[in-house]
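> Quick one, query_26.txt (compact mmCIF, C-alpha atoms):
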# COMPACT_ATOMS: atom_id res chain seq x y z
CA MET A 345 -3.22 175.75 23.38
CA MET A 346 -3.13 179.44 22.51
CA PRO A 347 -1.58 178.95 19.04
CA ALA A 348 -4.23 176.36 18.26
CA LEU A 349 -7.02 178.75 19.26
CA SER A 350 -5.41 181.53 17.23
CA LEU A 351 -5.18 179.32 14.18
CA PHE A 352 -8.78 178.20 14.65
CA PHE A 353 -9.94 181.83 14.98
CA LEU A 354 -7.98 182.93 11.91
CA GLY A 355 -9.33 180.00 9.94
CA PHE A 356 -12.86 180.83 11.09
CA ILE A 357 -12.54 184.47 9.94
CA GLY A 358 -10.88 183.39 6.71
CA LEU A 359 -13.71 181.02 5.87
CA ILE A 360 -16.31 183.72 6.53
CA VAL A 361 -14.48 186.19 4.28
CA GLY A 362 -13.92 183.48 1.70
CA GLY A 363 -17.58 182.55 1.80
CA VAL A 364 -18.63 186.17 1.23
CA ILE A 365 -16.18 186.51 -1.67
CA VAL A 366 -17.45 183.31 -3.28
CA ALA A 367 -21.05 184.43 -2.71
CA THR A 368 -20.30 187.77 -4.36
CA MET A 369 -18.62 186.25 -7.39
CA VAL A 370 -21.24 183.60 -8.10
CA HIS A 371 -24.09 186.03 -7.42
CA GLU A 372 -22.91 188.57 -9.98
CA ALA A 373 -21.95 185.79 -12.41
CA GLY A 374 -25.55 184.55 -12.14
CA HIS A 375 -26.85 188.06 -12.95
CA LEU A 376 -24.48 188.26 -15.91
CA LEU A 377 -25.43 184.84 -17.31
CA CYS A 378 -29.19 185.37 -16.94
CA ALA A 379 -28.93 188.84 -18.50
CA ARG A 380 -27.24 187.26 -21.51
CA LEU A 381 -29.87 184.53 -21.71
CA GLY A 382 -32.69 187.10 -21.54
CA SER A 383 -31.00 189.52 -24.00
CA ILE A 384 -30.84 192.28 -21.39
CA PRO A 385 -28.01 194.64 -22.35
CA LEU A 386 -25.48 195.30 -19.58
CA ARG A 387 -23.37 198.41 -19.27
CA ARG A 388 -21.11 197.90 -16.24
CA MET A 389 -20.16 195.24 -13.71
CA VAL A 390 -18.12 196.11 -10.61
CA LEU A 391 -16.68 193.54 -8.19
CA GLY A 392 -15.69 194.85 -4.76
CA TRP A 393 -15.13 198.40 -3.54
CA GLY A 394 -12.20 200.74 -3.06
CA PRO A 395 -9.48 201.60 -5.61
CA VAL A 396 -9.68 199.92 -9.02
CA LEU A 397 -7.15 197.12 -9.55
CA LEU A 398 -8.16 195.89 -12.98
CA ARG A 399 -10.41 197.39 -15.63
CA GLY A 400 -11.45 195.90 -18.95
CA ARG A 401 -14.28 195.05 -21.30
CA VAL A 402 -16.07 191.88 -22.31
CA GLY A 403 -18.05 192.83 -25.40
CA ASP A 404 -20.07 195.91 -24.46
CA VAL A 405 -19.80 195.27 -20.71
CA ARG A 406 -17.31 197.31 -18.71
CA LEU A 407 -15.71 195.19 -15.95
CA GLU A 408 -13.93 196.49 -12.86
CA LEU A 409 -12.16 194.58 -10.09
CA ARG A 410 -11.55 196.63 -6.95
CA LEU A 411 -9.28 196.20 -3.95
CA VAL A 412 -11.75 194.68 -1.47
CA PRO A 413 -13.67 191.90 -3.29
CA ILE A 414 -16.75 192.11 -1.04
CA GLY A 415 -19.94 193.48 -2.55
CA ALA A 416 -20.64 194.04 -6.23
CA TRP A 417 -23.23 195.43 -8.59
CA VAL A 418 -24.32 195.29 -12.20
CA THR A 419 -25.79 198.16 -14.23
CA CYS A 420 -28.16 197.37 -17.08
CA ALA A 421 -28.18 199.54 -20.18
CA GLU A 422 -31.21 201.03 -21.90
CA SER A 423 -32.80 198.84 -24.57
CA VAL A 424 -35.03 199.63 -27.53
CA SER A 425 -38.11 198.39 -25.65
CA ALA A 426 -38.83 197.38 -22.09
CA PRO A 427 -37.87 193.73 -21.41
CA LYS A 428 -40.59 191.20 -20.69
CA ARG A 429 -41.53 190.42 -17.12
CA ARG A 430 -40.30 186.84 -17.19
CA THR A 431 -36.96 188.06 -18.55
CA VAL A 432 -36.65 190.61 -15.74
CA ALA A 433 -37.65 187.96 -13.18
CA LEU A 434 -34.94 185.65 -14.51
CA TYR A 435 -32.42 188.47 -14.24
CA PHE A 436 -33.47 189.16 -10.63
CA LEU A 437 -33.21 185.50 -9.66
CA GLY A 438 -29.95 184.95 -11.52
CA GLY A 439 -27.76 185.96 -8.60
CA VAL A 440 -29.77 183.93 -6.11
CA LEU A 441 -29.62 180.90 -8.41
CA GLY A 442 -25.83 181.24 -8.47
CA ASN A 443 -25.71 181.11 -4.65
CA ILE A 444 -28.07 178.10 -4.62
CA VAL A 445 -25.79 176.30 -7.07
CA VAL A 446 -22.85 176.76 -4.66
CA ILE A 447 -24.91 175.36 -1.76
CA GLY A 448 -25.98 172.40 -3.86
CA LEU A 449 -22.36 171.76 -4.89
CA VAL A 450 -21.19 171.75 -1.26
CA VAL A 451 -23.95 169.33 -0.21
CA TRP A 452 -23.24 167.08 -3.18
CA LEU A 453 -19.51 166.94 -2.32
CA HIS A 454 -20.40 165.88 1.21
CA ILE A 455 -22.87 163.22 0.05
CA ILE A 456 -20.41 161.53 -2.28
CA GLY A 457 -17.69 161.66 0.38
CA VAL A 458 -15.34 164.04 -1.39
CA ALA A 459 -15.39 166.61 1.44
CA PRO A 460 -12.39 165.72 3.65
CA ILE A 461 -12.36 165.45 7.42
CA VAL A 462 -10.46 168.45 8.77
CA LEU A 463 -10.85 168.14 12.55
CA HIS A 464 -8.96 165.01 13.55
CA ASP A 465 -10.74 163.81 16.67
CA ASP A 466 -12.31 160.55 17.76
CA ILE A 467 -15.55 161.29 15.96
CA GLY A 468 -14.15 162.95 12.86
CA THR A 469 -16.07 166.09 11.97
CA PRO A 470 -16.64 166.37 8.22
CA LEU A 471 -15.98 169.63 6.41
CA ILE A 472 -19.64 170.27 5.69
CA LEU A 473 -20.57 170.66 9.36
CA LEU A 474 -18.23 173.53 10.18
CA GLN A 475 -15.91 174.97 7.58
CA MET A 476 -18.16 174.47 4.57
CA GLY A 477 -21.13 175.29 6.74
CA LEU A 478 -19.79 178.84 6.97
CA LEU A 479 -19.72 178.98 3.18
CA VAL A 480 -23.34 177.85 3.02
CA ALA A 481 -24.32 180.44 5.67
CA ALA A 482 -22.64 183.16 3.61
CA GLN A 483 -24.68 182.14 0.57
CA LEU A 484 -27.91 182.25 2.59
CA LEU A 485 -27.07 185.68 4.04
CA TYR A 486 -26.42 186.92 0.53
CA ILE A 487 -29.68 185.51 -0.82
CA VAL A 488 -32.07 187.12 1.67
CA PRO A 489 -31.30 190.84 1.06
CA ASN A 490 -30.88 190.38 -2.68
CA LEU A 491 -34.40 189.01 -3.05
CA THR A 492 -35.86 192.29 -1.75
CA ALA A 493 -33.23 194.78 -2.93
CA PRO A 494 -34.57 195.23 -6.50
CA PHE A 495 -38.08 196.04 -5.28
CA LEU A 496 -36.85 198.44 -2.58
CA TYR A 497 -34.56 200.12 -5.08
CA ALA A 498 -37.36 200.50 -7.64
CA VAL A 499 -39.66 202.07 -5.02
CA ARG A 500 -36.98 204.40 -3.68
CA HIS A 501 -36.08 205.72 -7.14
CA LYS A 502 -39.55 205.56 -8.64
CA ARG A 503 -39.62 209.18 -9.81
CA TYR A 504 -36.24 208.77 -11.55
CA ARG A 505 -37.33 205.71 -13.53
CA GLU A 506 -40.01 207.38 -15.67
CA GLY A 507 -39.85 206.16 -19.23
CA THR A 508 -36.81 203.95 -18.66
CA THR A 509 -36.42 200.53 -20.27
CA ARG A 510 -33.65 199.50 -17.89
CA PRO A 511 -34.63 196.98 -15.17
CA PRO A 512 -33.76 198.07 -11.61
CA ILE A 513 -30.41 196.93 -10.28
CA GLY A 514 -30.23 194.09 -7.76
CA SER A 515 -28.07 195.84 -5.20
CA GLY A 516 -26.38 199.19 -4.79
CA SER A 517 -22.81 200.19 -3.99
CA TRP A 518 -21.40 201.65 -0.78
CA ALA A 519 -21.83 205.07 -2.34
CA SER A 520 -25.58 204.35 -2.56
CA VAL A 521 -25.61 203.59 1.16
CA ARG A 522 -23.75 206.79 2.04
CA ILE A 523 -26.10 208.88 -0.12
CA ALA A 524 -29.16 207.29 1.51
CA VAL A 525 -27.76 208.02 4.98
CA GLN A 526 -27.15 211.69 4.12
CA LEU A 527 -30.60 212.21 2.62
CA ALA A 528 -32.26 210.45 5.57
CA ARG A 529 -31.18 213.22 7.96
CA ALA A 530 -34.49 214.81 8.88
CA ASP A 531 -32.90 217.92 10.40
CA ARG A 532 -31.55 219.05 7.04
CA TRP A 533 -34.94 220.67 6.36
CA THR A 534 -34.86 222.77 9.54
CA ASN A 535 -31.14 223.29 10.19
CA GLU A 536 -29.30 225.37 7.60
CA ALA A 537 -25.87 224.15 8.74
CA VAL A 538 -26.92 220.50 8.38
CA ARG A 539 -28.41 221.17 4.94
CA ARG A 540 -25.17 222.71 3.76
CA ALA A 541 -23.17 219.81 5.22
CA VAL A 542 -25.37 217.31 3.35
CA TRP A 543 -25.01 219.36 0.18
CA THR A 544 -21.21 219.31 0.53
CA ALA A 545 -21.18 215.55 1.18
CA LEU A 546 -23.26 214.91 -1.96
CA ARG A 547 -20.87 217.03 -4.02
CA ARG A 548 -18.00 214.92 -2.66
CA GLU A 549 -19.75 211.69 -3.67
CA LEU A 550 -20.35 213.06 -7.15
CA ALA A 551 -16.74 214.19 -7.60
CA ALA A 552 -15.10 211.01 -6.26
CA GLU A 553 -12.81 209.39 -8.81
CA ASP A 554 -13.79 205.85 -7.81
CA ALA A 555 -17.51 206.65 -7.44
CA CYS A 556 -19.78 203.68 -8.12
CA LEU A 557 -22.96 205.65 -8.63
CA LEU A 558 -25.83 203.87 -10.31
CA PRO A 559 -27.80 205.97 -12.84
CA GLU A 560 -30.71 206.52 -10.45
CA ASP A 561 -28.34 207.45 -7.61
CA GLU A 562 -26.55 209.95 -9.83
CA MET A 563 -29.87 211.48 -10.89
CA LEU A 564 -30.91 211.74 -7.24
CA VAL A 565 -27.66 213.47 -6.24
CA LEU A 566 -27.73 215.89 -9.17
CA ASP A 567 -31.38 216.77 -8.61
CA THR A 568 -30.76 217.37 -4.89
CA LEU A 569 -27.73 219.57 -5.59
CA VAL A 570 -29.65 221.72 -8.07
CA THR A 571 -32.84 221.94 -5.99
CA ASP A 572 -31.14 222.72 -2.68
CA GLY A 573 -28.68 225.08 -4.33
CA LEU A 574 -31.48 227.16 -5.87
CA ARG A 575 -33.38 227.58 -2.63
CA GLY A 576 -33.36 231.00 -1.04
CA GLY A 577 -29.98 231.45 0.59
CA GLY A 578 -28.73 228.19 -0.87
CA PRO A 579 -25.07 227.51 -1.66
CA ILE A 580 -25.34 228.51 -5.33
CA VAL A 581 -27.21 231.70 -4.52
CA GLY A 582 -24.64 232.57 -1.86
CA ASP A 583 -21.58 231.69 -3.97
CA PRO A 584 -21.67 232.95 -7.58
CA ALA A 585 -18.59 230.86 -8.37
CA LEU A 586 -20.75 227.72 -8.18
CA ARG A 587 -23.18 228.97 -10.83
CA ALA A 588 -20.86 227.60 -13.50
CA GLU A 589 -21.46 224.11 -12.15
CA LEU A 590 -25.22 224.55 -12.08
CA ASP A 591 -25.49 224.29 -15.85
CA ALA A 592 -23.36 221.11 -15.93
CA TRP A 593 -25.30 219.42 -13.10
CA SER A 594 -28.76 220.10 -14.52
CA SER A 595 -27.66 219.20 -18.06
CA ARG A 596 -26.11 215.90 -16.91
CA ALA A 597 -29.24 215.00 -14.92
CA LEU A 598 -31.48 215.63 -17.93
CA GLU A 599 -29.13 213.56 -20.10
CA LEU A 600 -29.51 210.60 -17.71
CA GLY A 601 -33.31 210.91 -17.48
CA PRO A 602 -34.72 212.92 -20.41
CA LYS A 603 -38.28 211.78 -19.63
CA VAL A 604 -38.16 212.38 -15.87
CA LYS A 605 -40.40 215.35 -15.09
CA THR A 606 -38.60 216.44 -11.94
CA LEU A 607 -35.29 216.59 -13.83
CA VAL A 608 -36.88 218.61 -16.64
CA MET A 609 -38.16 221.03 -14.00
CA SER A 610 -34.75 221.25 -12.32
CA ARG A 611 -33.13 222.03 -15.66
CA GLY A 612 -35.71 224.73 -16.42
CA ALA A 613 -35.23 226.33 -13.00
CA ALA A 614 -31.46 226.27 -13.46
CA LEU A 615 -31.73 227.97 -16.85
CA ILE A 616 -33.88 230.72 -15.34
CA ALA A 617 -31.33 231.19 -12.54
CA LEU A 618 -28.64 231.51 -15.20
CA GLY A 619 -30.61 234.17 -17.07
CA ARG A 620 -31.74 232.01 -20.00
CA TYR A 621 -35.40 232.82 -19.45
CA GLN A 622 -37.02 231.66 -22.68
CA GLU A 623 -35.30 228.25 -22.57
CA GLY A 624 -36.27 227.79 -18.94
CA LYS A 625 -39.87 228.83 -19.58
CA THR A 626 -40.21 226.27 -22.38
CA LEU A 627 -39.14 223.41 -20.11
CA LEU A 628 -41.15 224.50 -17.06
CA GLU A 629 -44.35 225.06 -19.01
CA ALA A 630 -44.04 221.54 -20.43
CA VAL A 631 -44.01 219.88 -16.98
CA GLY A 632 -45.58 222.38 -14.60
CA PHE A 633 -48.99 222.43 -16.26
CA ALA A 634 -49.18 218.75 -17.25
CA ASP A 635 -51.75 216.40 -15.72
CA GLY A 636 -50.50 214.34 -12.79
CA THR A 637 -47.63 216.68 -11.89
CA PRO A 638 -46.74 216.36 -8.17
CA VAL A 639 -47.71 219.29 -5.97
CA PHE A 640 -44.09 220.05 -5.14
CA ASP A 641 -43.08 220.28 -8.80
CA ALA A 642 -46.22 222.21 -9.80
CA VAL A 643 -45.67 224.89 -7.15
CA LEU A 644 -41.95 225.28 -7.75
CA SER A 645 -42.41 225.46 -11.52
CA ARG A 646 -44.84 228.36 -11.10
CA ILE A 647 -42.50 230.15 -8.70
CA PHE A 648 -39.60 229.96 -11.15
CA LEU A 649 -41.87 230.88 -14.06
CA ALA A 650 -42.90 233.94 -12.06
CA HIS A 651 -39.21 234.87 -11.69
CA ALA A 652 -38.77 234.52 -15.45
CA GLU A 653 -41.83 236.65 -16.20
CA HIS A 654 -40.65 239.24 -13.69
CA ALA A 655 -37.29 239.43 -15.44
CA LEU A 656 -39.10 239.78 -18.78
CA GLY A 657 -41.29 242.57 -17.41
CA ASN A 658 -44.66 240.75 -17.42
CA ALA A 659 -46.20 241.89 -14.13
CA ILE A 660 -49.67 240.46 -14.85
CA ALA A 661 -48.23 237.00 -15.58
CA VAL A 662 -46.23 237.15 -12.33
CA ARG A 663 -49.36 237.89 -10.30
CA ASN A 664 -51.36 235.11 -11.98
CA LEU A 665 -48.62 232.51 -11.51
CA LEU A 666 -48.22 233.29 -7.80
CA MET A 667 -52.01 233.14 -7.33
CA GLU A 668 -52.03 229.69 -8.97
CA ALA A 669 -49.15 228.57 -6.72
CA ARG A 670 -51.10 229.65 -3.61
CA ALA A 671 -54.23 227.84 -4.82
CA ILE A 672 -52.27 224.61 -5.44
CA VAL A 673 -50.65 224.82 -2.00
CA ARG A 674 -53.97 225.36 -0.21
CA ALA A 675 -55.58 222.48 -2.10
CA GLY A 676 -52.81 219.87 -2.00
CA VAL A 677 -50.35 220.55 0.82
CA PRO A 678 -51.02 219.06 4.29
CA ARG A 679 -51.64 221.42 7.18
CA PRO A 680 -48.19 221.20 8.89
CA ALA A 681 -46.37 222.32 5.72
CA LEU A 682 -49.06 224.71 4.48
CA THR A 683 -47.81 227.71 6.47
CA ALA A 684 -44.22 227.19 5.34
CA TRP A 685 -45.21 227.04 1.67
CA ILE A 686 -47.43 230.13 1.91
CA GLU A 687 -44.60 231.97 3.64
CA ARG A 688 -42.16 230.96 0.92
CA ILE A 689 -44.48 232.21 -1.84
CA ARG A 690 -44.92 235.50 0.06
CA ARG A 691 -41.14 235.81 0.45
CA GLU A 692 -40.58 235.16 -3.26
CA GLU A 693 -43.19 237.79 -4.12
CA CYS A 694 -41.55 240.36 -1.84
CA GLU A 695 -38.16 239.58 -3.35
CA MET A 696 -39.46 240.14 -6.87
CA ARG A 697 -41.08 243.43 -5.85
CA SER A 698 -37.84 244.66 -4.32
CA HIS A 699 -35.87 244.02 -7.52
CA ARG A 700 -36.45 245.88 -10.73
CA SER A 701 -36.99 244.04 -13.98
CA HIS A 702 -33.86 243.19 -15.95
CA ILE A 703 -35.48 244.24 -19.25
CA ARG A 704 -33.90 247.34 -20.71
CA PRO A 705 -36.19 250.13 -21.93
CA ARG A 706 -36.77 250.38 -25.62
CA PHE A 707 -35.26 253.87 -25.70
CA GLY A 708 -32.34 255.13 -23.71
CA ARG A 709 -32.41 258.31 -21.64
CA ARG A 710 -30.96 260.40 -24.45
CA SER A 711 -33.48 259.02 -26.93
CA LEU A 712 -36.37 259.89 -24.62
CA LYS A 713 -35.05 263.44 -24.17
CA ALA A 714 -34.77 263.80 -27.90
CA HIS A 715 -38.36 262.61 -28.35
CA ALA A 716 -39.50 265.09 -25.70
CA ARG A 717 -38.08 267.97 -27.75
CA LEU A 718 -40.06 267.03 -30.86
CA SER A 719 -42.90 269.44 -31.70
CA LEU A 720 -45.87 267.27 -32.46
CA PRO A 721 -49.16 268.78 -33.74
CA ARG A 722 -51.79 269.08 -31.03
CA VAL A 723 -55.15 267.64 -31.98
CA ARG A 724 -58.13 268.97 -30.03
CA PRO A 725 -61.42 267.05 -30.15
CA ARG A 726 -64.51 269.04 -31.04
CA ARG A 727 -66.82 269.36 -28.10
CA PRO A 728 -70.59 268.63 -28.60
CA TRP A 729 -71.83 272.13 -27.62
CA ARG A 730 -69.52 273.78 -30.16
CA ALA A 731 -70.80 271.49 -32.88
CA MET A 732 -74.42 272.32 -31.97
CA ARG A 733 -73.71 276.08 -32.03
CA ALA A 734 -72.04 275.85 -35.40
CA THR A 735 -75.06 273.95 -36.77
CA SER A 736 -77.57 276.51 -35.46
CA ALA A 737 -75.55 279.40 -36.86
CA SER A 738 -75.46 277.88 -40.29
CA GLY A 739 -79.22 277.28 -40.14
Will you turn the file into structure tokens for me?

Amino acid sequence: MMPALSLFFLGFIGLIVGGVIVATMVHEAGHLLCARLGSIPLRRMVLGWGPVLLRGRVGDVRLELRLVPIGAWVTCAESVSAPKRRTVALYFLGGVLGNIVVIGLVVWLHIIGVAPIVLHDDIGTPLILLQMGLLVAAQLLYIVPNLTAPFLYAVRHKRYREGTTRPPIGSGSWASVRIAVQLARADRWTNEAVRRAVWTALRRELAAEDACLLPEDEMLVLDTLVTDGLRGGGPIVGDPALRAELDAWSSRALELGPKVKTLVMSRGAALIALGRYQEGKTLLEAVGFADGTPVFDAVLSRIFLAHAEHALGNAIAVRNLLMEARAIVRAGVPRPALTAWIERIRREECEMRSHRSHIRPRFGRRSLKAHARLSLPRVRPRRPWRAMRATSASG
């Protein structure tokens, strides 16, 4: 009795796993086929997760088969122009249509009597009612989340999709899930230890050899690393050895999303932190003063521009930029965060006052001493009463 139950249990688990594997394969095959039919260029297709077993190319598409063949994702490449809506809709539904085809095939096999009877009892239970039923259930469970995943993904990464002609991906990888969990920790804004732990975890995801980061996920991680690292007391500020990576992170983020305003701002702030003030000012002025810039980006761009102007010795520009930052905060930041933002601007202003400008004087100390020893002719202005007396004497 026990061996029979064990075999039944193992078969039950095997059919569930087999159903998920079949659902994964046909789902991604449906995406691939519909992308080809709609002329949507694909860049990468990954089946499973874990270490890579096989890697190859089919045309321009990079294929990867990983150790655990459960879960998969497809990355679309940028095209010359944005694809039409019906083409994108076909691409979205391609995976679901693949799962529906499998369900229809199972039902058709049962109708024509091809599905064998596995449980030998008096009634004779056909395969469709139990074993193949698990396969159908796996297809249905795969269909439901994948119908909503593209829309949720597009909303979540809305700011990182500015100007892109790549349709949003149907589903993310396990790395996407881990990143979302880390960034969802609300205490990272109030607890410095938690913020540093999240920062370290994101660096680990970025450096993983088998990372399956989608373009929007990579932009999100890079932007978070740069932004959190540049905050007062952040990891980059506290560890000068990491400043070498700051240039690479911000440059890679801007390469992935050259039209994304928040990435342009992050790159400009990073350049200012690295001492490349004119380059950073050019980028920040392009996004910080544009119409429709989010309050967060507008305030931070002015703070970093103030740092650049302070380093260049422009005290009036520093004062004006900080005044504009305060005005934007008072007009657009909700009351709970208003005090924190005002305090940050005040702290930045005090920090700039406590540090001298990095601009060297035009003349060195020796040059100034030499100029002091020069005997210049003294010119005395003629006073009005002396001029009047001279006129009366001549008269």
> Please return, as number ranges by chain, all polymer residues that have at least one atom within 8 Å of the point (-33.1, 207.0, -15.5); use all atoms listed in the file and the file's own coordinate frame.
A: 504-508, 510, 559-560, 563, 600-602, 604
> Can you pull out every residue within 9 Å of Leu437 (chain A), counting all atoms listed in the file, but drop anything in the same chain fewer than 3 positions away, and send it as a PyMOL selection string?
chain A and resi 374-375+378+432-434+440-442+490-491
> Would you mind telling me which residue in A:Ala614, A:Ala552, A:Ala524, A:Ala537 lies nearest to Asp567 (chain A) when using all atoms listed in the file?
A:Ala614
> Fewer than 6 positions away in the same chain doesn't count, so skip those; otherwise give me all residues within 9 Å of Val405 (chain A), counting all atoms listed in the file, as a PyMOL selection string.
chain A and resi 385-389
> Selected residues, C-alpha atoms, written as a PDB file, in the frame of the given file, please.

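Final output, saved to selection06.pdb:
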ATOM      1  CA  PRO A 385     -28.010 194.640 -22.350  1.00  0.00           C
ATOM      2  CA  LEU A 386     -25.480 195.300 -19.580  1.00  0.00           C
ATOM      3  CA  ARG A 387     -23.370 198.410 -19.270  1.00  0.00           C
ATOM      4  CA  ARG A 388     -21.110 197.900 -16.240  1.00  0.00           C
ATOM      5  CA  MET A 389     -20.160 195.240 -13.710  1.00  0.00           C
TER       6      MET A 389
END
> Using all atoms listed in the file, determine which residues lie at most 12 Å from Val445 (chain A), disregarding the query and same-chain residues fewer than 6 positions distant; provide the list as a list in words.
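Answer for this query is Val366, Ala367, Val370, His371, Ala373, Gly374, Gly438, Gly439, Val451, Trp452, Val480, Gln483, Leu484 and Ile487 of chain A.
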> Figure out the distance between CA of Thr637 (chain A) and CA of Glu589 (chain A), please, to one decimal in Å.
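Computing it gives 27.2 Å between the two atoms.
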> Region 412-427 of chain A: which residues within 9 Å, counting all atoms listed in the file, same-chain residues fewer than 2 positions away excluded, as a ChimeraX atom specification?
/A:361,364-365,367-369,371-372,375-376,379,382-395,409-410,429-432,508-518,556,558-559
> Quick one: pull the distance between CA of Ala642 (chain A) and CA of Ala630 (chain A), Å, one decimal.
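Atom-to-atom, CA of Ala642 (chain A) and CA of Ala630 (chain A) are spaced 10.9 Å apart.
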> Given the choices A:Ser520, A:Asn664, A:Thr534, A:Ser610, which gets closest to Val570 (chain A) if the distance is worked out from all atoms listed in the file?
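Using all atoms listed in the file, Val570 (chain A) sits closest to A:Ser610.
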> State, in Å with one decimal place, the distance from CA of Phe633 (chain A) to CA of Thr606 (chain A).
12.7 Å
> Which residue out of A:Leu496, A:Glu599, A:Ser594, A:Glu653 has the minimum interatomic distance to Gln622 (chain A) when only C-alpha atoms are used?
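Going through A:Leu496, A:Glu599, A:Ser594, A:Glu653 one by one, the smallest distance to Gln622 (chain A) is for A:Glu653.
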> Pick out the residues sitting within 8 Å of region 689-697 of chain A, and hand them over as a PyMOL selection string; count all atoms listed in the file, and ignore anything fewer than 6 positions along from it in its own chain.
chain A and resi 647+651+654+666+669-670
> Could you check which of A:Ala493, A:Leu550, A:Leu598, A:Ala655 is closest to Leu627 (chain A), using only C-alpha atoms?
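Closest candidate: A:Leu598.
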